[in-house]
Amino acid sequence: MALRKYHKSINRMFRGNWIRMFIIAAMTMISVSLVGGVGTLAPRMRQSMEYMEGGGVPGEAMDEMRMMADGIDRLSYIFPAFFILVTCLVVFMTLTRMLETERSQIGTFKTLGYSRGHIIFRYVSFALTAAVVGNAAGVLMGHFVVGPVIFNAIAQYYDMAIPSGLPPVPFFGIVSAVLTLSFTVGVTYFTILAIVRVTPPAALLRPRAPRVGGKILLERMGPLWRRLPFRYKSSLRNIFRYRVRFFMTVFSMLFSTALVFMGMALSFSIEQSDPEIIGAVRPISSIIVIFAVLLNAMVIYNITNINIEERRREIATLKVLGYGNTEVVGYVFREIFMLTIIGVVIGLPVGYFTIAGVFEYLAFGDISYVNWYVWIIVAVLSFLSLALADLLLFKKIHKTDMNTSLKTVE
């Protein structure tokens, strides 16, 4: 009977956190598919060149293709690494904050006599499921969709032969999948282990005591602070009071914004570069831009969703006090808007200097070719992602049940 209830609790956890599971799986799939797809381009090109040797292709053309294969090989180490970094950062934030909200549930299990192993398995199985689905889909998508699409575009430009044999093994995709899977499971295991070690179990039945309030830096700027409306003072205090949450959120947005800038800069720069390399780099840059924008949108959606989940009681309290839906939405989303501004403002120069180093490493492209309006396009894309997330999550705030939320443990 107890085991049946345990399995039912696992099913309820999966159903109740399906959005988190979807985000982890989707972000992992996007990153791993890009790593796997781009990672097979150079081997595919070399495989094609071996197939073409002795077929009357001029030596200069073969040398040019070898040079491009070497350049793409170097490129396959750079951009995918940034995608994996952003994904791991968001996965870490998602899982650790989910487990923090489950403290009382974990305390209940300990009080009922469940072993540490049962409790750890409950959450590791959740992370493992999301990671396996995302990584498996990513490896398959990268090998059978992303890689062939980009390679066919390059082959058509250079008039390369497409071998009929088996494509190369997606080494980069498999390695990145193993690393991402290990990271996801490892983060979950060590986080939940630290929680179940808390004694006595009753200490878990109540949430952590909030940080002692203190003045933020802006409050010390008297004339400026006094002129701010109360709603902005409240938002600024919430943003800067929880430093770990602040830095995790800003870094997630910073890296995803920088990634979009790097993809856009690569795309714009090759248009002004040597025409001989445009055909090879344009398909790659297009995919990078598309995937970077998707990743950026999912980062913002995930952060906004986490913010709402953690503040259900606060949202319910505001509604009880007579705040309308528009006022509550503005109160919650205002903080995400401020954090997005910080992430974009820092992420743009980070992306600029990073892509400048990438151009130097790859020996093609020039940062001077990146037009000024690329900065504006990237910022607009980030705020469009924010607007879309707000629209999708507006109903979640609107449907917050006041009675249920206010019954949660103080």
# chains A, B, ... in the order shown; residues from 1 in each chain; ligands from 1
call {"tool": "residues_around", "arguments": {"residues": "region 2-19 of chain A", "least_positions_apart": "5", "cutoff": "12 Å", "atoms": "only C-alpha atoms", "output": "NGL selection string"}}
result
:A and (24-26 or 94-95 or 98-99 or 101-102 or 105-106 or 108-109 or 112-115 or 118-130 or 298 or 301-303 or 305-306 or 309 or 393)
call {"tool": "residues_around", "arguments": {"residues": "Thr326 (chain A)", "least_positions_apart": "4", "cutoff": "12 Å", "atoms": "only C-alpha atoms", "output": "list in words"}}
result
Ile315, Leu318, Lys319, Gly322, Gly330, Tyr331, Val332, Phe333, Arg334, Asp390, Phe394, Lys395, Ile397 and His398 of chain A
call {"tool": "atom_distance", "arguments": {"atom1": "CA of Ile346 (chain A)", "atom2": "CA of Ala389 (chain A)"}}
result
21.0 Å
call {"tool": "closest_residue", "arguments": {"among": "A:Gly117, A:Pro200, A:Pro283, A:Gly37", "to": "Pro170 (chain A)", "atoms": "only C-alpha atoms"}}
result
A:Gly37
call {"tool": "residues_around", "arguments": {"residues": "Ser269 (chain A)", "least_positions_apart": "6", "cutoff": "6 Å", "atoms": "only C-alpha atoms", "output": "short mmCIF file (atom, residue, chain, number, x, y, z; two decimals) with C-alpha atoms, in the first residue's frame"}}
result
data_model
loop_
_atom_site.label_atom_id
_atom_site.label_comp_id
_atom_site.auth_asym_id
_atom_site.auth_seq_id
_atom_site.Cartn_x
_atom_site.Cartn_y
_atom_site.Cartn_z
CA GLY A 365 35.33 37.33 -40.82
CA TYR A 369 31.75 44.18 -40.87
CA VAL A 370 29.09 43.87 -38.16
#
call {"tool": "residues_around", "arguments": {"residues": "Ala137 (chain A)", "least_positions_apart": "2", "cutoff": "9 Å", "atoms": "only C-alpha atoms", "output": "list of chain:residue names"}}
result
A:Ala25, A:Ala26, A:Thr28, A:Met29, A:Ile30, A:Val32, A:Ser33, A:Val132, A:Val133, A:Gly134, A:Asn135, A:Val139, A:Leu140, A:Met141, A:Gly142
call {"tool": "write_last_selection", "arguments": {"atoms": "N, CA and C atoms", "output": "PDB file, in the first residue's frame"}}
result
ATOM      1  N   ALA A  25      14.028  19.177 -21.480  1.00  0.00           N
ATOM      2  CA  ALA A  25      14.182  18.302 -22.647  1.00  0.00           C
ATOM      3  C   ALA A  25      14.354  19.109 -23.928  1.00  0.00           C
ATOM      4  N   ALA A  26      13.568  20.179 -24.085  1.00  0.00           N
ATOM      5  CA  ALA A  26      13.626  20.970 -25.318  1.00  0.00           C
ATOM      6  C   ALA A  26      14.959  21.706 -25.448  1.00  0.00           C
ATOM      7  N   THR A  28      17.786  20.918 -24.039  1.00  0.00           N
ATOM      8  CA  THR A  28      18.828  19.923 -24.266  1.00  0.00           C
ATOM      9  C   THR A  28      18.814  19.455 -25.715  1.00  0.00           C
ATOM     10  N   MET A  29      17.629  19.229 -26.253  1.00  0.00           N
ATOM     11  CA  MET A  29      17.512  18.791 -27.643  1.00  0.00           C
ATOM     12  C   MET A  29      18.090  19.820 -28.600  1.00  0.00           C
ATOM     13  N   ILE A  30      17.777  21.102 -28.387  1.00  0.00           N
ATOM     14  CA  ILE A  30      18.282  22.165 -29.265  1.00  0.00           C
ATOM     15  C   ILE A  30      19.805  22.203 -29.243  1.00  0.00           C
ATOM     16  N   VAL A  32      22.093  19.876 -28.108  1.00  0.00           N
ATOM     17  CA  VAL A  32      22.757  18.648 -28.556  1.00  0.00           C
ATOM     18  C   VAL A  32      22.609  18.455 -30.060  1.00  0.00           C
ATOM     19  N   SER A  33      21.444  18.809 -30.610  1.00  0.00           N
ATOM     20  CA  SER A  33      21.262  18.664 -32.061  1.00  0.00           C
ATOM     21  C   SER A  33      22.193  19.599 -32.823  1.00  0.00           C
ATOM     22  N   VAL A 132      17.165  12.147 -20.724  1.00  0.00           N
ATOM     23  CA  VAL A 132      17.241  11.077 -21.736  1.00  0.00           C
ATOM     24  C   VAL A 132      16.422  11.442 -22.961  1.00  0.00           C
ATOM     25  N   VAL A 133      15.204  11.932 -22.744  1.00  0.00           N
ATOM     26  CA  VAL A 133      14.355  12.325 -23.874  1.00  0.00           C
ATOM     27  C   VAL A 133      15.012  13.433 -24.693  1.00  0.00           C
ATOM     28  N   GLY A 134      15.487  14.481 -24.007  1.00  0.00           N
ATOM     29  CA  GLY A 134      16.098  15.613 -24.703  1.00  0.00           C
ATOM     30  C   GLY A 134      17.376  15.223 -25.434  1.00  0.00           C
ATOM     31  N   ASN A 135      18.238  14.453 -24.783  1.00  0.00           N
ATOM     32  CA  ASN A 135      19.502  14.067 -25.403  1.00  0.00           C
ATOM     33  C   ASN A 135      19.312  13.102 -26.555  1.00  0.00           C
ATOM     34  N   VAL A 139      20.465  13.997 -30.334  1.00  0.00           N
ATOM     35  CA  VAL A 139      21.422  13.233 -31.136  1.00  0.00           C
ATOM     36  C   VAL A 139      20.798  12.827 -32.468  1.00  0.00           C
ATOM     37  N   LEU A 140      19.553  12.338 -32.439  1.00  0.00           N
ATOM     38  CA  LEU A 140      18.890  11.912 -33.668  1.00  0.00           C
ATOM     39  C   LEU A 140      18.614  13.089 -34.601  1.00  0.00           C
ATOM     40  N   MET A 141      18.149  14.191 -34.037  1.00  0.00           N
ATOM     41  CA  MET A 141      17.846  15.367 -34.847  1.00  0.00           C
ATOM     42  C   MET A 141      19.116  15.946 -35.463  1.00  0.00           C
ATOM     43  N   GLY A 142      20.190  16.006 -34.677  1.00  0.00           N
ATOM     44  CA  GLY A 142      21.443  16.536 -35.201  1.00  0.00           C
ATOM     45  C   GLY A 142      22.016  15.673 -36.307  1.00  0.00           C
TER      46      GLY A 142
END
call {"tool": "residues_around", "arguments": {"residues": "Val374 (chain A)", "least_positions_apart": "4", "cutoff": "12 Å", "atoms": "only C-alpha atoms", "output": "JSON, numbers by chain"}}
result
{"A": [258, 260, 261, 262, 263, 264, 265, 266, 267, 268, 269, 348, 349, 351, 352, 367, 368, 369, 370, 378, 379, 380, 381]}
call {"tool": "write_last_selection", "arguments": {"atoms": "N, CA, C and O atoms", "output": "PDB file, in the first residue's frame"}}
result
ATOM      1  N   ALA A 258      24.135  36.983 -25.662  1.00  0.00           N
ATOM      2  CA  ALA A 258      25.433  36.993 -26.326  1.00  0.00           C
ATOM      3  C   ALA A 258      25.481  35.982 -27.454  1.00  0.00           C
ATOM      4  O   ALA A 258      26.068  36.227 -28.520  1.00  0.00           O
ATOM      5  N   VAL A 260      22.905  34.951 -29.306  1.00  0.00           N
ATOM      6  CA  VAL A 260      22.150  35.501 -30.437  1.00  0.00           C
ATOM      7  C   VAL A 260      22.999  36.532 -31.182  1.00  0.00           C
ATOM      8  O   VAL A 260      23.056  36.549 -32.418  1.00  0.00           O
ATOM      9  N   PHE A 261      23.688  37.399 -30.436  1.00  0.00           N
ATOM     10  CA  PHE A 261      24.541  38.416 -31.066  1.00  0.00           C
ATOM     11  C   PHE A 261      25.647  37.758 -31.885  1.00  0.00           C
ATOM     12  O   PHE A 261      25.940  38.181 -33.010  1.00  0.00           O
ATOM     13  N   MET A 262      26.272  36.722 -31.343  1.00  0.00           N
ATOM     14  CA  MET A 262      27.359  36.049 -32.050  1.00  0.00           C
ATOM     15  C   MET A 262      26.863  35.413 -33.342  1.00  0.00           C
ATOM     16  O   MET A 262      27.523  35.488 -34.384  1.00  0.00           O
ATOM     17  N   GLY A 263      25.688  34.785 -33.275  1.00  0.00           N
ATOM     18  CA  GLY A 263      25.129  34.193 -34.483  1.00  0.00           C
ATOM     19  C   GLY A 263      24.796  35.233 -35.528  1.00  0.00           C
ATOM     20  O   GLY A 263      25.083  35.056 -36.729  1.00  0.00           O
ATOM     21  N   MET A 264      24.181  36.342 -35.089  1.00  0.00           N
ATOM     22  CA  MET A 264      23.844  37.417 -36.020  1.00  0.00           C
ATOM     23  C   MET A 264      25.106  38.045 -36.600  1.00  0.00           C
ATOM     24  O   MET A 264      25.178  38.348 -37.797  1.00  0.00           O
ATOM     25  N   ALA A 265      26.118  38.260 -35.760  1.00  0.00           N
ATOM     26  CA  ALA A 265      27.364  38.865 -36.220  1.00  0.00           C
ATOM     27  C   ALA A 265      28.057  37.974 -37.249  1.00  0.00           C
ATOM     28  O   ALA A 265      28.596  38.457 -38.252  1.00  0.00           O
ATOM     29  N   LEU A 266      28.052  36.674 -37.001  1.00  0.00           N
ATOM     30  CA  LEU A 266      28.645  35.739 -37.960  1.00  0.00           C
ATOM     31  C   LEU A 266      27.909  35.796 -39.290  1.00  0.00           C
ATOM     32  O   LEU A 266      28.533  35.819 -40.364  1.00  0.00           O
ATOM     33  N   SER A 267      26.572  35.846 -39.221  1.00  0.00           N
ATOM     34  CA  SER A 267      25.776  35.895 -40.443  1.00  0.00           C
ATOM     35  C   SER A 267      26.022  37.169 -41.237  1.00  0.00           C
ATOM     36  O   SER A 267      26.195  37.137 -42.459  1.00  0.00           O
ATOM     37  N   PHE A 268      26.072  38.321 -40.545  1.00  0.00           N
ATOM     38  CA  PHE A 268      26.281  39.593 -41.235  1.00  0.00           C
ATOM     39  C   PHE A 268      27.713  39.723 -41.747  1.00  0.00           C
ATOM     40  O   PHE A 268      27.952  40.283 -42.805  1.00  0.00           O
ATOM     41  N   SER A 269      28.670  39.196 -40.978  1.00  0.00           N
ATOM     42  CA  SER A 269      30.063  39.360 -41.354  1.00  0.00           C
ATOM     43  C   SER A 269      30.420  38.601 -42.618  1.00  0.00           C
ATOM     44  O   SER A 269      31.179  39.089 -43.460  1.00  0.00           O
ATOM     45  N   LEU A 348      25.198  42.058 -24.829  1.00  0.00           N
ATOM     46  CA  LEU A 348      25.591  42.577 -26.142  1.00  0.00           C
ATOM     47  C   LEU A 348      27.102  42.804 -26.245  1.00  0.00           C
ATOM     48  O   LEU A 348      27.734  42.312 -27.189  1.00  0.00           O
ATOM     49  N   PRO A 349      27.724  43.541 -25.316  1.00  0.00           N
ATOM     50  CA  PRO A 349      29.187  43.683 -25.416  1.00  0.00           C
ATOM     51  C   PRO A 349      29.933  42.367 -25.218  1.00  0.00           C
ATOM     52  O   PRO A 349      30.985  42.153 -25.825  1.00  0.00           O
ATOM     53  N   GLY A 351      28.895  39.436 -26.230  1.00  0.00           N
ATOM     54  CA  GLY A 351      28.815  38.803 -27.534  1.00  0.00           C
ATOM     55  C   GLY A 351      29.730  39.449 -28.550  1.00  0.00           C
ATOM     56  O   GLY A 351      30.350  38.763 -29.370  1.00  0.00           O
ATOM     57  N   TYR A 352      29.839  40.777 -28.485  1.00  0.00           N
ATOM     58  CA  TYR A 352      30.697  41.518 -29.432  1.00  0.00           C
ATOM     59  C   TYR A 352      32.158  41.104 -29.294  1.00  0.00           C
ATOM     60  O   TYR A 352      32.822  40.759 -30.288  1.00  0.00           O
ATOM     61  N   ILE A 367      35.098  41.776 -37.310  1.00  0.00           N
ATOM     62  CA  ILE A 367      34.099  42.419 -36.456  1.00  0.00           C
ATOM     63  C   ILE A 367      33.677  43.769 -37.001  1.00  0.00           C
ATOM     64  O   ILE A 367      32.564  44.234 -36.734  1.00  0.00           O
ATOM     65  N   SER A 368      34.541  44.408 -37.801  1.00  0.00           N
ATOM     66  CA  SER A 368      34.192  45.715 -38.379  1.00  0.00           C
ATOM     67  C   SER A 368      33.064  45.595 -39.398  1.00  0.00           C
ATOM     68  O   SER A 368      32.419  46.583 -39.732  1.00  0.00           O
ATOM     69  N   TYR A 369      32.827  44.379 -39.906  1.00  0.00           N
ATOM     70  CA  TYR A 369      31.751  44.175 -40.869  1.00  0.00           C
ATOM     71  C   TYR A 369      30.376  44.110 -40.200  1.00  0.00           C
ATOM     72  O   TYR A 369      29.355  44.124 -40.883  1.00  0.00           O
ATOM     73  N   VAL A 370      30.359  43.987 -38.890  1.00  0.00           N
ATOM     74  CA  VAL A 370      29.090  43.865 -38.163  1.00  0.00           C
ATOM     75  C   VAL A 370      28.471  45.250 -38.029  1.00  0.00           C
ATOM     76  O   VAL A 370      29.006  46.121 -37.342  1.00  0.00           O
ATOM     77  N   VAL A 378      19.258  42.347 -32.092  1.00  0.00           N
ATOM     78  CA  VAL A 378      19.390  41.374 -31.003  1.00  0.00           C
ATOM     79  C   VAL A 378      18.574  41.815 -29.787  1.00  0.00           C
ATOM     80  O   VAL A 378      17.880  41.000 -29.160  1.00  0.00           O
ATOM     81  N   ALA A 379      18.637  43.105 -29.450  1.00  0.00           N
ATOM     82  CA  ALA A 379      17.863  43.610 -28.312  1.00  0.00           C
ATOM     83  C   ALA A 379      16.364  43.449 -28.561  1.00  0.00           C
ATOM     84  O   ALA A 379      15.615  43.026 -27.667  1.00  0.00           O
ATOM     85  N   VAL A 380      15.939  43.764 -29.786  1.00  0.00           N
ATOM     86  CA  VAL A 380      14.516  43.631 -30.128  1.00  0.00           C
ATOM     87  C   VAL A 380      14.070  42.178 -30.034  1.00  0.00           C
ATOM     88  O   VAL A 380      12.975  41.879 -29.513  1.00  0.00           O
ATOM     89  N   LEU A 381      14.899  41.244 -30.506  1.00  0.00           N
ATOM     90  CA  LEU A 381      14.560  39.823 -30.427  1.00  0.00           C
ATOM     91  C   LEU A 381      14.404  39.372 -28.980  1.00  0.00           C
ATOM     92  O   LEU A 381      13.503  38.586 -28.659  1.00  0.00           O
TER      93      LEU A 381
END
call {"tool": "closest_residue", "arguments": {"among": "A:Arg97, A:Lys110, A:Arg231, A:Arg245", "to": "Arg20 (chain A)", "atoms": "only C-alpha atoms"}}
result
A:Arg97
call {"tool": "residues_around", "arguments": {"residues": "Arg46 (chain A)", "least_positions_apart": "2", "cutoff": "12 Å", "atoms": "only C-alpha atoms", "output": "ChimeraX atom specification"}}
result
/A:40-44,48-53,62-70,72-73,151,155,160-163,167-168
call {"tool": "write_last_selection", "arguments": {"atoms": "N, CA and C atoms", "output": "PDB file, in the first residue's frame"}}
result
ATOM      1  N   THR A  40      29.317  16.974 -37.346  1.00  0.00           N
ATOM      2  CA  THR A  40      29.478  15.988 -38.433  1.00  0.00           C
ATOM      3  C   THR A  40      29.798  16.632 -39.777  1.00  0.00           C
ATOM      4  N   LEU A  41      29.804  17.968 -39.850  1.00  0.00           N
ATOM      5  CA  LEU A  41      30.007  18.619 -41.150  1.00  0.00           C
ATOM      6  C   LEU A  41      31.397  18.358 -41.719  1.00  0.00           C
ATOM      7  N   ALA A  42      32.435  18.587 -40.906  1.00  0.00           N
ATOM      8  CA  ALA A  42      33.797  18.380 -41.397  1.00  0.00           C
ATOM      9  C   ALA A  42      34.027  16.921 -41.793  1.00  0.00           C
ATOM     10  N   PRO A  43      33.625  15.911 -40.975  1.00  0.00           N
ATOM     11  CA  PRO A  43      33.768  14.521 -41.419  1.00  0.00           C
ATOM     12  C   PRO A  43      32.990  14.214 -42.690  1.00  0.00           C
ATOM     13  N   ARG A  44      31.798  14.798 -42.842  1.00  0.00           N
ATOM     14  CA  ARG A  44      31.020  14.581 -44.072  1.00  0.00           C
ATOM     15  C   ARG A  44      31.755  15.157 -45.279  1.00  0.00           C
ATOM     16  N   SER A  48      33.200  13.110 -48.405  1.00  0.00           N
ATOM     17  CA  SER A  48      32.850  13.461 -49.786  1.00  0.00           C
ATOM     18  C   SER A  48      34.095  13.648 -50.637  1.00  0.00           C
ATOM     19  N   MET A  49      35.129  14.284 -50.075  1.00  0.00           N
ATOM     20  CA  MET A  49      36.362  14.518 -50.835  1.00  0.00           C
ATOM     21  C   MET A  49      37.074  13.204 -51.164  1.00  0.00           C
ATOM     22  N   GLU A  50      37.030  12.246 -50.234  1.00  0.00           N
ATOM     23  CA  GLU A  50      37.606  10.942 -50.520  1.00  0.00           C
ATOM     24  C   GLU A  50      36.856  10.265 -51.665  1.00  0.00           C
ATOM     25  N   TYR A  51      35.551  10.470 -51.686  1.00  0.00           N
ATOM     26  CA  TYR A  51      34.718   9.881 -52.737  1.00  0.00           C
ATOM     27  C   TYR A  51      35.003  10.538 -54.088  1.00  0.00           C
ATOM     28  N   MET A  52      35.390  11.827 -54.056  1.00  0.00           N
ATOM     29  CA  MET A  52      35.613  12.588 -55.291  1.00  0.00           C
ATOM     30  C   MET A  52      37.032  12.462 -55.830  1.00  0.00           C
ATOM     31  N   GLU A  53      37.961  11.998 -55.010  1.00  0.00           N
ATOM     32  CA  GLU A  53      39.346  11.927 -55.449  1.00  0.00           C
ATOM     33  C   GLU A  53      39.480  11.019 -56.670  1.00  0.00           C
ATOM     34  N   MET A  62      40.043  21.017 -54.547  1.00  0.00           N
ATOM     35  CA  MET A  62      40.158  20.086 -53.426  1.00  0.00           C
ATOM     36  C   MET A  62      40.865  20.742 -52.240  1.00  0.00           C
ATOM     37  N   ASP A  63      41.874  21.528 -52.524  1.00  0.00           N
ATOM     38  CA  ASP A  63      42.585  22.239 -51.454  1.00  0.00           C
ATOM     39  C   ASP A  63      41.661  23.220 -50.751  1.00  0.00           C
ATOM     40  N   GLU A  64      40.836  23.902 -51.546  1.00  0.00           N
ATOM     41  CA  GLU A  64      39.892  24.875 -50.964  1.00  0.00           C
ATOM     42  C   GLU A  64      38.884  24.167 -50.061  1.00  0.00           C
ATOM     43  N   MET A  65      38.403  23.011 -50.503  1.00  0.00           N
ATOM     44  CA  MET A  65      37.443  22.266 -49.704  1.00  0.00           C
ATOM     45  C   MET A  65      38.089  21.741 -48.420  1.00  0.00           C
ATOM     46  N   ARG A  66      39.348  21.314 -48.519  1.00  0.00           N
ATOM     47  CA  ARG A  66      40.051  20.867 -47.314  1.00  0.00           C
ATOM     48  C   ARG A  66      40.212  22.018 -46.315  1.00  0.00           C
ATOM     49  N   MET A  67      40.530  23.205 -46.853  1.00  0.00           N
ATOM     50  CA  MET A  67      40.676  24.370 -45.983  1.00  0.00           C
ATOM     51  C   MET A  67      39.357  24.694 -45.290  1.00  0.00           C
ATOM     52  N   MET A  68      38.247  24.599 -46.048  1.00  0.00           N
ATOM     53  CA  MET A  68      36.949  24.885 -45.454  1.00  0.00           C
ATOM     54  C   MET A  68      36.587  23.827 -44.407  1.00  0.00           C
ATOM     55  N   ALA A  69      36.931  22.569 -44.692  1.00  0.00           N
ATOM     56  CA  ALA A  69      36.646  21.505 -43.725  1.00  0.00           C
ATOM     57  C   ALA A  69      37.400  21.754 -42.419  1.00  0.00           C
ATOM     58  N   ASP A  70      38.652  22.205 -42.528  1.00  0.00           N
ATOM     59  CA  ASP A  70      39.431  22.515 -41.326  1.00  0.00           C
ATOM     60  C   ASP A  70      38.818  23.684 -40.559  1.00  0.00           C
ATOM     61  N   ILE A  72      35.614  24.662 -40.600  1.00  0.00           N
ATOM     62  CA  ILE A  72      34.354  24.219 -39.995  1.00  0.00           C
ATOM     63  C   ILE A  72      34.635  23.325 -38.794  1.00  0.00           C
ATOM     64  N   ASP A  73      35.708  22.553 -38.879  1.00  0.00           N
ATOM     65  CA  ASP A  73      36.102  21.713 -37.749  1.00  0.00           C
ATOM     66  C   ASP A  73      36.383  22.571 -36.520  1.00  0.00           C
ATOM     67  N   PHE A 151      24.923  20.252 -44.554  1.00  0.00           N
ATOM     68  CA  PHE A 151      25.897  19.676 -45.493  1.00  0.00           C
ATOM     69  C   PHE A 151      25.388  19.726 -46.934  1.00  0.00           C
ATOM     70  N   ALA A 155      27.317  21.326 -49.939  1.00  0.00           N
ATOM     71  CA  ALA A 155      27.646  20.475 -51.095  1.00  0.00           C
ATOM     72  C   ALA A 155      27.099  21.064 -52.390  1.00  0.00           C
ATOM     73  N   MET A 160      29.796  19.439 -54.515  1.00  0.00           N
ATOM     74  CA  MET A 160      30.440  18.264 -53.927  1.00  0.00           C
ATOM     75  C   MET A 160      29.553  17.042 -54.094  1.00  0.00           C
ATOM     76  N   ALA A 161      30.189  15.893 -54.180  1.00  0.00           N
ATOM     77  CA  ALA A 161      29.442  14.643 -54.263  1.00  0.00           C
ATOM     78  C   ALA A 161      28.905  14.273 -52.882  1.00  0.00           C
ATOM     79  N   ILE A 162      27.720  13.679 -52.864  1.00  0.00           N
ATOM     80  CA  ILE A 162      27.132  13.211 -51.608  1.00  0.00           C
ATOM     81  C   ILE A 162      27.279  11.700 -51.568  1.00  0.00           C
ATOM     82  N   PRO A 163      28.167  11.169 -50.720  1.00  0.00           N
ATOM     83  CA  PRO A 163      28.419   9.727 -50.680  1.00  0.00           C
ATOM     84  C   PRO A 163      27.156   8.943 -50.344  1.00  0.00           C
ATOM     85  N   PRO A 167      26.724   7.749 -43.061  1.00  0.00           N
ATOM     86  CA  PRO A 167      27.305   9.015 -42.613  1.00  0.00           C
ATOM     87  C   PRO A 167      28.212   8.790 -41.414  1.00  0.00           C
ATOM     88  N   PRO A 168      29.108   9.727 -41.125  1.00  0.00           N
ATOM     89  CA  PRO A 168      30.025   9.556 -39.990  1.00  0.00           C
ATOM     90  C   PRO A 168      29.276   9.515 -38.663  1.00  0.00           C
TER      91      PRO A 168
END
call {"tool": "select_by_dssp", "arguments": {"residues": "region 37-165 of chain A", "states": "alpha helix (DSSP H)", "output": "MDAnalysis selection string"}}
result
chainID A and resid 37:39 41:52 59:101 103:111 116:141 147:158
call {"tool": "closest_residue", "arguments": {"among": "A:Leu259, A:Ile287, A:Leu228, A:Leu205", "to": "Val145 (chain A)", "atoms": "only C-alpha atoms"}}
result
A:Ile287
call {"tool": "closest_residue", "arguments": {"among": "A:Gly357, A:His143, A:Ile300, A:Val320", "to": "Ala387 (chain A)", "atoms": "only C-alpha atoms"}}
result
A:Ile300
call {"tool": "closest_residue", "arguments": {"among": "A:Thr257, A:Met45, A:Asn371, A:Phe22", "to": "Val350 (chain A)", "atoms": "only C-alpha atoms"}}
result
A:Thr257
